[in-house]
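Here the structure comes first, spelled out in structure tokens, and everything after it is commentary.
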Amino acid sequence: MNDALPVGQADHFVSTEPFDPGAAARLTPEQERFYLASQWKLMWWKFKRHRVAVASGLILLLMYASTLVSEVLVPYNLHTRNTDFIYAPPQPVHLFHEGRFVGPFVYELEKTLNMETLRRDYSEKTSTPLPIRFFCSGDSYRFWGAVEMSFHLLCPAQGATLFLLGTDRLGRDMLSRIFYGARISLTIGLLGIAISFALALVIGGMAGYFGGWVDSLVQRMIEIIRSFPELPLWMALSAVLPVTWSPILVYFGITGILALLDWTGLARAVRSKLLALREEDYTTAARLMGAKPSRIIGRHLLPGFMSHLIASATLSIPGMILGETALSFLGIGLRPPITSWGVLLNEAQNINVVALYPWLMLPVVPVIVVILAFNFFGDGLRDAADPYR
Amino acid sequence: MMGRYIVKRVLLMIPTLIAISVIVFTIIQLPPGNYLESYIAELQAQGESVDPQRIAFLREYYGLDKPLHEQYLRWAGGMLVGDFGYSFEFNMPVSRVVGDRMLLTIIVSFVTIIFTWAIAFPIGIYSATHQYSWGDYGLSFLGFLGIAVPNFMLALVMMYVANVFFGTSIGGLMAPEYIDKPWSWDKVQSVLAHSWIPVVVIGTSGTAGMIRRLRANLLDELQKQYVVTARAKGLPPRKALYKYPLRMALNFFISDIGSLLPSIISGAEITAVVLSLPTTGPMLLNALKSQDMYLAGSFLMFLAVMIVIGVLISDLALVALDPRIRLSGGVAR
């Protein structure tokens, strides 16, 4: 057939392969993966690029995980008192004894009463090394309140002490107490944010969806709550918690108080988003099909910006943790025997403590780490949830 | 136009103040039982004799046998004419107990705001114009640290450091000889000289927050089309920054008082407790601990009113600054 064409006309190439109409718009496998990924997957990819946020997330994960097994991780129990070692300074861990490698060990603490200052002076008796024991049995405890156990990750040598971060005025080990304190301090933030999140969704959702007088009522309410200084109002509310309440009830009371003043910012975000979204066509469609407001809000509107909300909520956890710490520090928050970082810091009330027993201020370190971690983590989440970045 | 806006804005404050006073009154009433009854019981338990005349006076004063709404009206009405109630603990009218404390709280808060602005403004601008530079990262980290370190710990450590290195005792807000003396120029100077530590301590978290907000705001502004156009036309970078974006940021600076002031006042209260400043902080804590609720209530009310007035001033300043608001007759946010 080709041979029959007149000479001088260019060869016309026709591919013999079957024709594929989508060829021009064909996606590479990578592109396909990207375009078909769910929103949460996209967020995860974006979040992974944010190294500081990932590291912060890991730190938080570790800290929260540690609260599950605090008893095992630390050498002493929460209330174990070593009456011979009151206000003992942190014991340094050594590796070499007289130039010979022994592994991690401590020296025995020797106590002398300084008759001039009436202080207990502690010094190390460097004659014999006392190796730290690992995976050992020490103070017995009820694991999760159920199983009687005495297994610890590390314990002092037989008959010796191991106060890596010193002891307090009753001779209780600070390290152990800080680990136990994490349970209360860390959960109060999560529990509080859960309450305030729920409040914000319901109140902000109603204000945004219904508009009108509901909206203006909620707006005024938020304005009024916001014109109170947070801390003094927290102080007032926690001071009126009845003294007859059990410590655990006080814990929930304080959490409630923290949440009660915190929901306003989130509620505003929910409201303004809903005000815009309720005008969308798909909302009208849902309404015409007879969906109830609760279904429209919960099923169609909220999921659209849930990721953003969660990110903002993460950013308000630190405020709650700081709030609890401040209240307990002032002595009107949680009270012993419930032990949080704030309760621990309550011992470091005045300048004498800073001068004489500076290790009593150590519980502030985990507070700072957690606040920083939550801030970086929340920032990373927010950037990841923002589709325009 | 302007005058009408101001009148409207001031009138709008009234319902807010009423609502705040209702909330504060509710808190006063929250502790179970009648306060007076438990007070009498406590006195009797301590073996002190109770003067029936004084009890009768207090009962009359607060209308404790009257219904709640009348008690509220009595309390709120009293505040309007400068009668803040009666402190059970100190046995005298609250206004006498409070003395200079409220004034000093205002002074400390005011100086702190100035400090915050002075620090946050240049740093915020630097961070925004040098986004993702080492300077930005470093300053951002410092800012985060400022948010993360609890005020009261910073106060303790500063107090210790000042004691060791400068040898000054910095508890208090003025040299001892001025305490309980009438106000004079020397006293004002002494207060200013003593206020730097509380101001720095209270200011850190507010400053850190402000830097972050200012940076975010200015960054948004710098990405807008008019800035791009200005730079494309060859406007020098400095002018392209100062002419419009910075002025927009200034605007935000004023309007941000609404979120800065509550945080400063919160910080001031707890810092004052640690540094034992003669401001409202320590007394509020004491009043709350001993459940002297009328005293605590008036402090709470005072702090809230301070914030409301602060926000009012910032709104009015915005009107004066921003022609868009001035012309449209309302705050556009």
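Quick note on naming: the chains in the structure tokens go A, B, ... in the order shown, residues restart at 1 in each chain, and ligands are numbered from 1 in order of appearance.
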Discussion item. I need the contact residues of chain A against chain B, so if you could list those with any atom within 9 Å, counting only C-alpha atoms, and return them as JSON, numbers by chain, that would help.
Written reply: {"A": [220, 221, 223, 224, 225, 226, 227, 228, 229, 230, 231, 232, 233, 235, 236, 237, 239, 240, 241, 242, 318, 322, 325, 326, 329, 330, 331, 332, 345, 348, 349, 350, 351, 352, 354, 355, 361, 364, 365, 367, 368, 369, 370, 371, 372, 375, 376]}
Dump of C-alpha atoms for the selected residues, as a PDB file, in the first residue's frame:
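New file again-v4.pdb:
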ATOM      1  CA  ARG A 220     -20.900  37.817  74.326  1.00  0.00           C
ATOM      2  CA  MET A 221     -20.246  34.863  76.611  1.00  0.00           C
ATOM      3  CA  GLU A 223     -15.996  37.998  75.320  1.00  0.00           C
ATOM      4  CA  ILE A 224     -16.874  38.058  78.997  1.00  0.00           C
ATOM      5  CA  ILE A 225     -14.893  34.935  79.835  1.00  0.00           C
ATOM      6  CA  ARG A 226     -11.956  36.367  77.935  1.00  0.00           C
ATOM      7  CA  SER A 227     -11.987  39.617  79.869  1.00  0.00           C
ATOM      8  CA  PHE A 228     -11.084  37.730  83.030  1.00  0.00           C
ATOM      9  CA  PRO A 229      -7.405  37.225  83.696  1.00  0.00           C
ATOM     10  CA  GLU A 230      -7.019  33.447  83.461  1.00  0.00           C
ATOM     11  CA  LEU A 231      -4.835  32.674  86.435  1.00  0.00           C
ATOM     12  CA  PRO A 232      -6.663  34.733  89.089  1.00  0.00           C
ATOM     13  CA  LEU A 233      -9.972  33.245  87.981  1.00  0.00           C
ATOM     14  CA  MET A 235      -7.194  30.572  91.549  1.00  0.00           C
ATOM     15  CA  ALA A 236     -10.588  31.761  92.725  1.00  0.00           C
ATOM     16  CA  LEU A 237     -12.416  28.757  91.321  1.00  0.00           C
ATOM     17  CA  ALA A 239      -9.989  27.936  96.069  1.00  0.00           C
ATOM     18  CA  VAL A 240     -13.717  27.386  96.363  1.00  0.00           C
ATOM     19  CA  LEU A 241     -13.453  23.631  95.737  1.00  0.00           C
ATOM     20  CA  PRO A 242     -14.720  22.151  98.998  1.00  0.00           C
ATOM     21  CA  PRO A 318       0.788  23.502  77.401  1.00  0.00           C
ATOM     22  CA  LEU A 322       1.390  25.362  83.142  1.00  0.00           C
ATOM     23  CA  THR A 325       1.681  23.701  87.848  1.00  0.00           C
ATOM     24  CA  ALA A 326       1.118  27.306  88.890  1.00  0.00           C
ATOM     25  CA  PHE A 329       2.818  25.702  93.282  1.00  0.00           C
ATOM     26  CA  LEU A 330       0.692  28.316  95.027  1.00  0.00           C
ATOM     27  CA  GLY A 331      -0.855  25.580  97.149  1.00  0.00           C
ATOM     28  CA  ILE A 332      -4.422  25.924  95.915  1.00  0.00           C
ATOM     29  CA  LEU A 345       7.606  22.535  93.021  1.00  0.00           C
ATOM     30  CA  ALA A 348      10.669  25.109  96.284  1.00  0.00           C
ATOM     31  CA  GLN A 349       8.687  28.100  97.466  1.00  0.00           C
ATOM     32  CA  ASN A 350      11.342  30.519  98.558  1.00  0.00           C
ATOM     33  CA  ILE A 351      14.782  31.793  97.868  1.00  0.00           C
ATOM     34  CA  ASN A 352      16.382  29.718 100.647  1.00  0.00           C
ATOM     35  CA  VAL A 354      17.147  27.895  95.636  1.00  0.00           C
ATOM     36  CA  ALA A 355      20.275  28.674  97.630  1.00  0.00           C
ATOM     37  CA  MET A 361      13.665  22.879  91.555  1.00  0.00           C
ATOM     38  CA  VAL A 364      10.673  22.371  86.429  1.00  0.00           C
ATOM     39  CA  VAL A 365      12.882  20.683  83.810  1.00  0.00           C
ATOM     40  CA  VAL A 367       7.682  20.972  82.677  1.00  0.00           C
ATOM     41  CA  ILE A 368       9.816  23.035  80.309  1.00  0.00           C
ATOM     42  CA  VAL A 369      10.557  20.023  78.086  1.00  0.00           C
ATOM     43  CA  VAL A 370       6.885  19.085  77.805  1.00  0.00           C
ATOM     44  CA  ILE A 371       5.769  22.651  77.077  1.00  0.00           C
ATOM     45  CA  LEU A 372       8.436  23.063  74.400  1.00  0.00           C
ATOM     46  CA  ASN A 375       4.554  23.753  71.120  1.00  0.00           C
ATOM     47  CA  PHE A 376       6.844  22.371  68.404  1.00  0.00           C
TER      48      PHE A 376
END
Worksheet item: DSSP says strand (DSSP E) for which residues of region 52-238 of chain A? Put them as a PyMOL selection string?
Response: chain A and resi 94-97+100-114+119-131+133-143+147-155
Can you write just those residues out, N, CA and C atoms, as a short mmCIF file (atom, residue, chain, number, x, y, z; two decimals), in the first residue's frame?
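Written out: again.cif:
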data_model
loop_
_atom_site.label_atom_id
_atom_site.label_comp_id
_atom_site.auth_asym_id
_atom_site.auth_seq_id
_atom_site.Cartn_x
_atom_site.Cartn_y
_atom_site.Cartn_z
N HIS A 94 29.49 7.32 88.96
CA HIS A 94 30.86 7.19 88.46
C HIS A 94 30.98 5.93 87.63
N LEU A 95 32.04 5.88 86.81
CA LEU A 95 32.30 4.67 86.04
C LEU A 95 33.61 4.02 86.46
N PHE A 96 34.60 4.84 86.88
CA PHE A 96 35.93 4.30 87.20
C PHE A 96 36.22 4.43 88.68
N HIS A 97 36.68 3.36 89.30
CA HIS A 97 37.09 3.41 90.69
C HIS A 97 38.59 3.18 90.75
N ARG A 100 40.14 2.01 87.62
CA ARG A 100 39.70 0.72 87.09
C ARG A 100 38.23 0.85 86.71
N PHE A 101 37.86 0.30 85.55
CA PHE A 101 36.47 0.40 85.10
C PHE A 101 35.58 -0.57 85.89
N VAL A 102 34.55 -0.03 86.53
CA VAL A 102 33.67 -0.89 87.32
C VAL A 102 32.27 -0.94 86.74
N GLY A 103 31.95 0.01 85.85
CA GLY A 103 30.56 0.16 85.43
C GLY A 103 29.91 1.21 86.30
N PRO A 104 28.68 1.58 86.00
CA PRO A 104 28.04 2.65 86.77
C PRO A 104 27.91 2.28 88.24
N PHE A 105 28.42 3.17 89.10
CA PHE A 105 28.29 2.92 90.53
C PHE A 105 28.23 4.26 91.26
N VAL A 106 27.84 4.21 92.52
CA VAL A 106 27.85 5.42 93.36
C VAL A 106 28.68 5.11 94.60
N TYR A 107 29.10 6.17 95.27
CA TYR A 107 29.77 5.99 96.55
C TYR A 107 28.75 6.17 97.67
N GLU A 108 29.09 5.64 98.81
CA GLU A 108 28.19 5.77 99.95
C GLU A 108 28.14 7.22 100.41
N LEU A 109 26.95 7.65 100.82
CA LEU A 109 26.80 9.01 101.31
C LEU A 109 27.13 9.06 102.79
N GLU A 110 27.91 10.05 103.18
CA GLU A 110 28.23 10.18 104.59
C GLU A 110 27.64 11.49 105.08
N LYS A 111 26.94 11.43 106.19
CA LYS A 111 26.24 12.61 106.67
C LYS A 111 26.96 13.16 107.89
N THR A 112 27.20 14.47 107.89
CA THR A 112 27.71 15.11 109.10
C THR A 112 26.83 16.31 109.39
N LEU A 113 26.64 16.58 110.65
CA LEU A 113 25.83 17.74 111.00
C LEU A 113 26.78 18.90 111.24
N ASN A 114 26.65 19.90 110.40
CA ASN A 114 27.49 21.08 110.54
C ASN A 114 26.95 21.91 111.69
N ARG A 119 23.28 22.60 109.28
CA ARG A 119 22.83 21.91 108.08
C ARG A 119 23.40 20.51 108.07
N ARG A 120 22.69 19.62 107.37
CA ARG A 120 23.26 18.31 107.15
C ARG A 120 24.18 18.42 105.95
N ASP A 121 25.45 18.09 106.14
CA ASP A 121 26.38 18.08 105.01
C ASP A 121 26.58 16.65 104.57
N TYR A 122 26.48 16.42 103.28
CA TYR A 122 26.69 15.07 102.77
C TYR A 122 27.99 15.04 101.99
N SER A 123 28.78 13.98 102.19
CA SER A 123 29.97 13.83 101.37
C SER A 123 30.06 12.37 100.93
N GLU A 124 30.88 12.12 99.91
CA GLU A 124 31.00 10.75 99.41
C GLU A 124 32.13 10.04 100.13
N LYS A 125 31.88 8.81 100.55
CA LYS A 125 32.93 7.98 101.12
C LYS A 125 33.50 7.16 99.98
N THR A 126 34.70 7.53 99.54
CA THR A 126 35.18 6.97 98.27
C THR A 126 35.94 5.66 98.44
N SER A 127 35.72 4.95 99.55
CA SER A 127 36.49 3.72 99.75
C SER A 127 35.98 2.59 98.86
N THR A 128 34.68 2.31 98.93
CA THR A 128 34.17 1.18 98.15
C THR A 128 33.14 1.64 97.14
N PRO A 129 33.25 1.18 95.90
CA PRO A 129 32.21 1.48 94.92
C PRO A 129 30.98 0.61 95.16
N LEU A 130 29.80 1.22 95.01
CA LEU A 130 28.56 0.46 95.17
C LEU A 130 27.85 0.44 93.83
N PRO A 131 28.03 -0.65 93.07
CA PRO A 131 27.48 -0.69 91.71
C PRO A 131 25.95 -0.64 91.72
N ARG A 133 22.42 -1.70 90.58
CA ARG A 133 21.91 -2.97 90.05
C ARG A 133 20.86 -2.68 88.99
N PHE A 134 20.85 -3.51 87.95
CA PHE A 134 19.85 -3.37 86.90
C PHE A 134 18.92 -4.58 86.91
N PHE A 135 17.68 -4.36 86.46
CA PHE A 135 16.67 -5.42 86.41
C PHE A 135 16.68 -6.21 87.72
N CYS A 136 16.26 -5.54 88.77
CA CYS A 136 16.47 -6.09 90.09
C CYS A 136 15.17 -5.99 90.88
N SER A 137 15.19 -6.46 92.11
CA SER A 137 13.98 -6.31 92.91
C SER A 137 14.27 -5.34 94.04
N GLY A 138 13.34 -4.42 94.26
CA GLY A 138 13.51 -3.40 95.28
C GLY A 138 12.21 -3.17 96.02
N ASP A 139 11.84 -1.89 96.19
CA ASP A 139 10.57 -1.56 96.84
C ASP A 139 9.43 -2.32 96.15
N SER A 140 8.54 -2.92 96.95
CA SER A 140 7.43 -3.60 96.30
C SER A 140 6.28 -2.63 96.10
N TYR A 141 5.51 -2.88 95.07
CA TYR A 141 4.40 -1.98 94.71
C TYR A 141 3.32 -2.82 94.08
N ARG A 142 2.13 -2.25 93.98
CA ARG A 142 1.05 -2.92 93.27
C ARG A 142 0.98 -2.35 91.87
N PHE A 143 1.41 -3.15 90.87
CA PHE A 143 1.45 -2.66 89.50
C PHE A 143 0.03 -2.46 88.98
N VAL A 147 -1.35 -6.08 90.52
CA VAL A 147 -0.38 -7.15 90.70
C VAL A 147 0.71 -6.71 91.67
N GLU A 148 0.97 -7.53 92.66
CA GLU A 148 2.04 -7.24 93.61
C GLU A 148 3.37 -7.54 92.94
N MET A 149 4.25 -6.51 92.85
CA MET A 149 5.52 -6.71 92.16
C MET A 149 6.63 -5.98 92.89
N SER A 150 7.87 -6.36 92.61
CA SER A 150 8.98 -5.60 93.18
C SER A 150 10.09 -5.43 92.16
N PHE A 151 9.74 -5.59 90.89
CA PHE A 151 10.72 -5.51 89.82
C PHE A 151 11.02 -4.05 89.48
N HIS A 152 12.30 -3.68 89.41
CA HIS A 152 12.67 -2.32 89.01
C HIS A 152 13.72 -2.37 87.92
N LEU A 153 13.77 -1.31 87.14
CA LEU A 153 14.77 -1.23 86.09
C LEU A 153 16.15 -1.05 86.72
N LEU A 154 16.24 -0.20 87.73
CA LEU A 154 17.51 -0.06 88.43
C LEU A 154 17.26 0.18 89.91
N CYS A 155 18.12 -0.39 90.75
CA CYS A 155 18.01 -0.18 92.19
C CYS A 155 19.39 0.04 92.77
#
Practice prompt. Might you pull out every residue within 10 Å of Ala313 (chain A), with only C-alpha atoms counted and same-chain residues fewer than 3 positions away left off, and present them as JSON, numbers by chain?
Written response: {"A": [190, 193, 194, 196, 197, 262, 263, 265, 266, 307, 308, 309, 310, 316, 317, 318, 378, 382]}
Store the residues picked out above, limited to C-alpha atoms, as a short mmCIF file (atom, residue, chain, number, x, y, z; two decimals), in the first residue's frame.
data_model
loop_
_atom_site.label_atom_id
_atom_site.label_comp_id
_atom_site.auth_asym_id
_atom_site.auth_seq_id
_atom_site.Cartn_x
_atom_site.Cartn_y
_atom_site.Cartn_z
CA LEU A 190 -5.05 15.61 77.93
CA ILE A 193 -8.22 19.45 76.41
CA ALA A 194 -10.74 16.65 75.82
CA SER A 196 -12.60 21.87 76.37
CA PHE A 197 -12.58 20.37 72.87
CA ASP A 262 -10.02 27.27 77.83
CA TRP A 263 -12.66 26.42 75.26
CA GLY A 265 -10.45 30.17 71.51
CA LEU A 266 -11.35 26.86 69.88
CA SER A 307 -7.37 18.29 61.36
CA HIS A 308 -6.88 22.00 61.83
CA LEU A 309 -8.88 21.93 65.06
CA ILE A 310 -6.84 19.09 66.50
CA SER A 316 -3.47 24.79 74.08
CA ILE A 317 -2.38 21.76 76.12
CA PRO A 318 0.79 23.50 77.40
CA GLY A 378 1.50 21.49 67.60
CA ARG A 382 -0.77 22.93 62.18
#
Discussion item. Let's see if you can do this: from backbone DSSP, list all alpha helix (DSSP H) residues in region 59-234 of chain A, as a ChimeraX atom specification.
Written reply: /A:59-68,70-73,174-210,212-226,230-234
Worksheet item: Suppose you want the space between CA of Pro278 (chain B) and CA of Gly203 (chain B); what is it in Å?
Response: 18.0 Å
Practice prompt. Compile the contact shell of region 315-325 of chain B as a VMD selection string: residues with an atom at most 12 Å away, counting only C-alpha atoms, same-chain residues fewer than 5 positions apart removed.
Written response: chain B and resid 1 to 10 13 247 to 258 308 to 310 330 to 333
Just N, CA and C atoms for this one: save the residues we selected as an mmCIF file, in the first residue's frame.
data_model
loop_
_atom_site.group_PDB
_atom_site.id
_atom_site.type_symbol
_atom_site.label_atom_id
_atom_site.label_comp_id
_atom_site.auth_asym_id
_atom_site.auth_seq_id
_atom_site.Cartn_x
_atom_site.Cartn_y
_atom_site.Cartn_z
ATOM 1 N N MET B 1 -18.969 61.251 63.689
ATOM 2 C CA MET B 1 -18.803 59.802 63.468
ATOM 3 C C MET B 1 -17.959 59.194 64.584
ATOM 4 N N MET B 2 -16.825 59.819 64.768
ATOM 5 C CA MET B 2 -15.888 59.341 65.789
ATOM 6 C C MET B 2 -16.529 59.387 67.167
ATOM 7 N N GLY B 3 -17.168 60.513 67.460
ATOM 8 C CA GLY B 3 -17.792 60.677 68.778
ATOM 9 C C GLY B 3 -18.851 59.628 69.010
ATOM 10 N N ARG B 4 -19.640 59.361 67.969
ATOM 11 C CA ARG B 4 -20.701 58.372 68.123
ATOM 12 C C ARG B 4 -20.113 56.996 68.396
ATOM 13 N N TYR B 5 -19.014 56.700 67.698
ATOM 14 C CA TYR B 5 -18.394 55.396 67.909
ATOM 15 C C TYR B 5 -17.936 55.246 69.355
ATOM 16 N N ILE B 6 -17.296 56.319 69.872
ATOM 17 C CA ILE B 6 -16.788 56.230 71.240
ATOM 18 C C ILE B 6 -17.934 56.004 72.223
ATOM 19 N N VAL B 7 -18.999 56.767 72.036
ATOM 20 C CA VAL B 7 -20.146 56.618 72.942
ATOM 21 C C VAL B 7 -20.695 55.199 72.872
ATOM 22 N N LYS B 8 -20.824 54.688 71.640
ATOM 23 C CA LYS B 8 -21.360 53.341 71.465
ATOM 24 C C LYS B 8 -20.464 52.317 72.165
ATOM 25 N N ARG B 9 -19.166 52.502 71.954
ATOM 26 C CA ARG B 9 -18.197 51.555 72.511
ATOM 27 C C ARG B 9 -18.236 51.564 74.040
ATOM 28 N N VAL B 10 -18.345 52.782 74.628
ATOM 29 C CA VAL B 10 -18.375 52.869 76.083
ATOM 30 C C VAL B 10 -19.669 52.273 76.623
ATOM 31 N N MET B 13 -19.714 48.602 77.023
ATOM 32 C CA MET B 13 -18.971 48.062 78.155
ATOM 33 C C MET B 13 -19.888 47.722 79.324
ATOM 34 N N ARG B 247 3.267 49.449 59.084
ATOM 35 C CA ARG B 247 2.162 50.211 59.683
ATOM 36 C C ARG B 247 0.988 49.307 59.978
ATOM 37 N N MET B 248 0.785 48.327 59.077
ATOM 38 C CA MET B 248 -0.277 47.357 59.343
ATOM 39 C C MET B 248 0.038 46.589 60.622
ATOM 40 N N ALA B 249 1.320 46.247 60.779
ATOM 41 C CA ALA B 249 1.723 45.482 61.956
ATOM 42 C C ALA B 249 1.534 46.327 63.221
ATOM 43 N N LEU B 250 1.803 47.627 63.111
ATOM 44 C CA LEU B 250 1.608 48.532 64.248
ATOM 45 C C LEU B 250 0.172 48.460 64.741
ATOM 46 N N ASN B 251 -0.718 48.439 63.758
ATOM 47 C CA ASN B 251 -2.127 48.330 64.027
ATOM 48 C C ASN B 251 -2.431 47.112 64.889
ATOM 49 N N PHE B 252 -1.845 46.012 64.459
ATOM 50 C CA PHE B 252 -2.035 44.761 65.193
ATOM 51 C C PHE B 252 -1.477 44.884 66.603
ATOM 52 N N PHE B 253 -0.392 45.627 66.711
ATOM 53 C CA PHE B 253 0.258 45.825 67.998
ATOM 54 C C PHE B 253 -0.707 46.377 69.029
ATOM 55 N N ILE B 254 -1.475 47.357 68.599
ATOM 56 C CA ILE B 254 -2.430 47.973 69.522
ATOM 57 C C ILE B 254 -3.570 47.011 69.815
ATOM 58 N N SER B 255 -4.079 46.372 68.760
ATOM 59 C CA SER B 255 -5.269 45.546 68.964
ATOM 60 C C SER B 255 -4.923 44.285 69.757
ATOM 61 N N ASP B 256 -3.644 43.965 69.820
ATOM 62 C CA ASP B 256 -3.245 42.749 70.529
ATOM 63 C C ASP B 256 -3.285 42.928 72.046
ATOM 64 N N ILE B 257 -3.478 44.164 72.501
ATOM 65 C CA ILE B 257 -3.553 44.392 73.951
ATOM 66 C C ILE B 257 -4.598 43.461 74.569
ATOM 67 N N GLY B 258 -5.671 43.218 73.822
ATOM 68 C CA GLY B 258 -6.734 42.366 74.331
ATOM 69 C C GLY B 258 -6.233 41.008 74.784
ATOM 70 N N VAL B 308 -10.912 45.133 80.882
ATOM 71 C CA VAL B 308 -11.956 45.711 80.037
ATOM 72 C C VAL B 308 -11.568 47.127 79.620
ATOM 73 N N ILE B 309 -11.054 47.905 80.582
ATOM 74 C CA ILE B 309 -10.672 49.278 80.265
ATOM 75 C C ILE B 309 -9.466 49.296 79.331
ATOM 76 N N GLY B 310 -8.527 48.371 79.554
ATOM 77 C CA GLY B 310 -7.365 48.283 78.666
ATOM 78 C C GLY B 310 -7.786 48.025 77.233
ATOM 79 N N GLY B 330 -16.645 51.445 62.880
ATOM 80 C CA GLY B 330 -16.651 50.235 63.690
ATOM 81 C C GLY B 330 -15.316 49.553 63.577
ATOM 82 N N VAL B 331 -15.024 48.689 64.541
ATOM 83 C CA VAL B 331 -13.751 47.994 64.471
ATOM 84 C C VAL B 331 -13.878 46.822 63.517
ATOM 85 N N ALA B 332 -13.071 46.842 62.469
ATOM 86 C CA ALA B 332 -13.108 45.728 61.524
ATOM 87 C C ALA B 332 -11.986 44.770 61.859
ATOM 88 N N ARG B 333 -12.365 43.573 62.231
ATOM 89 C CA ARG B 333 -11.294 42.635 62.557
ATOM 90 C C ARG B 333 -11.272 41.495 61.572
#
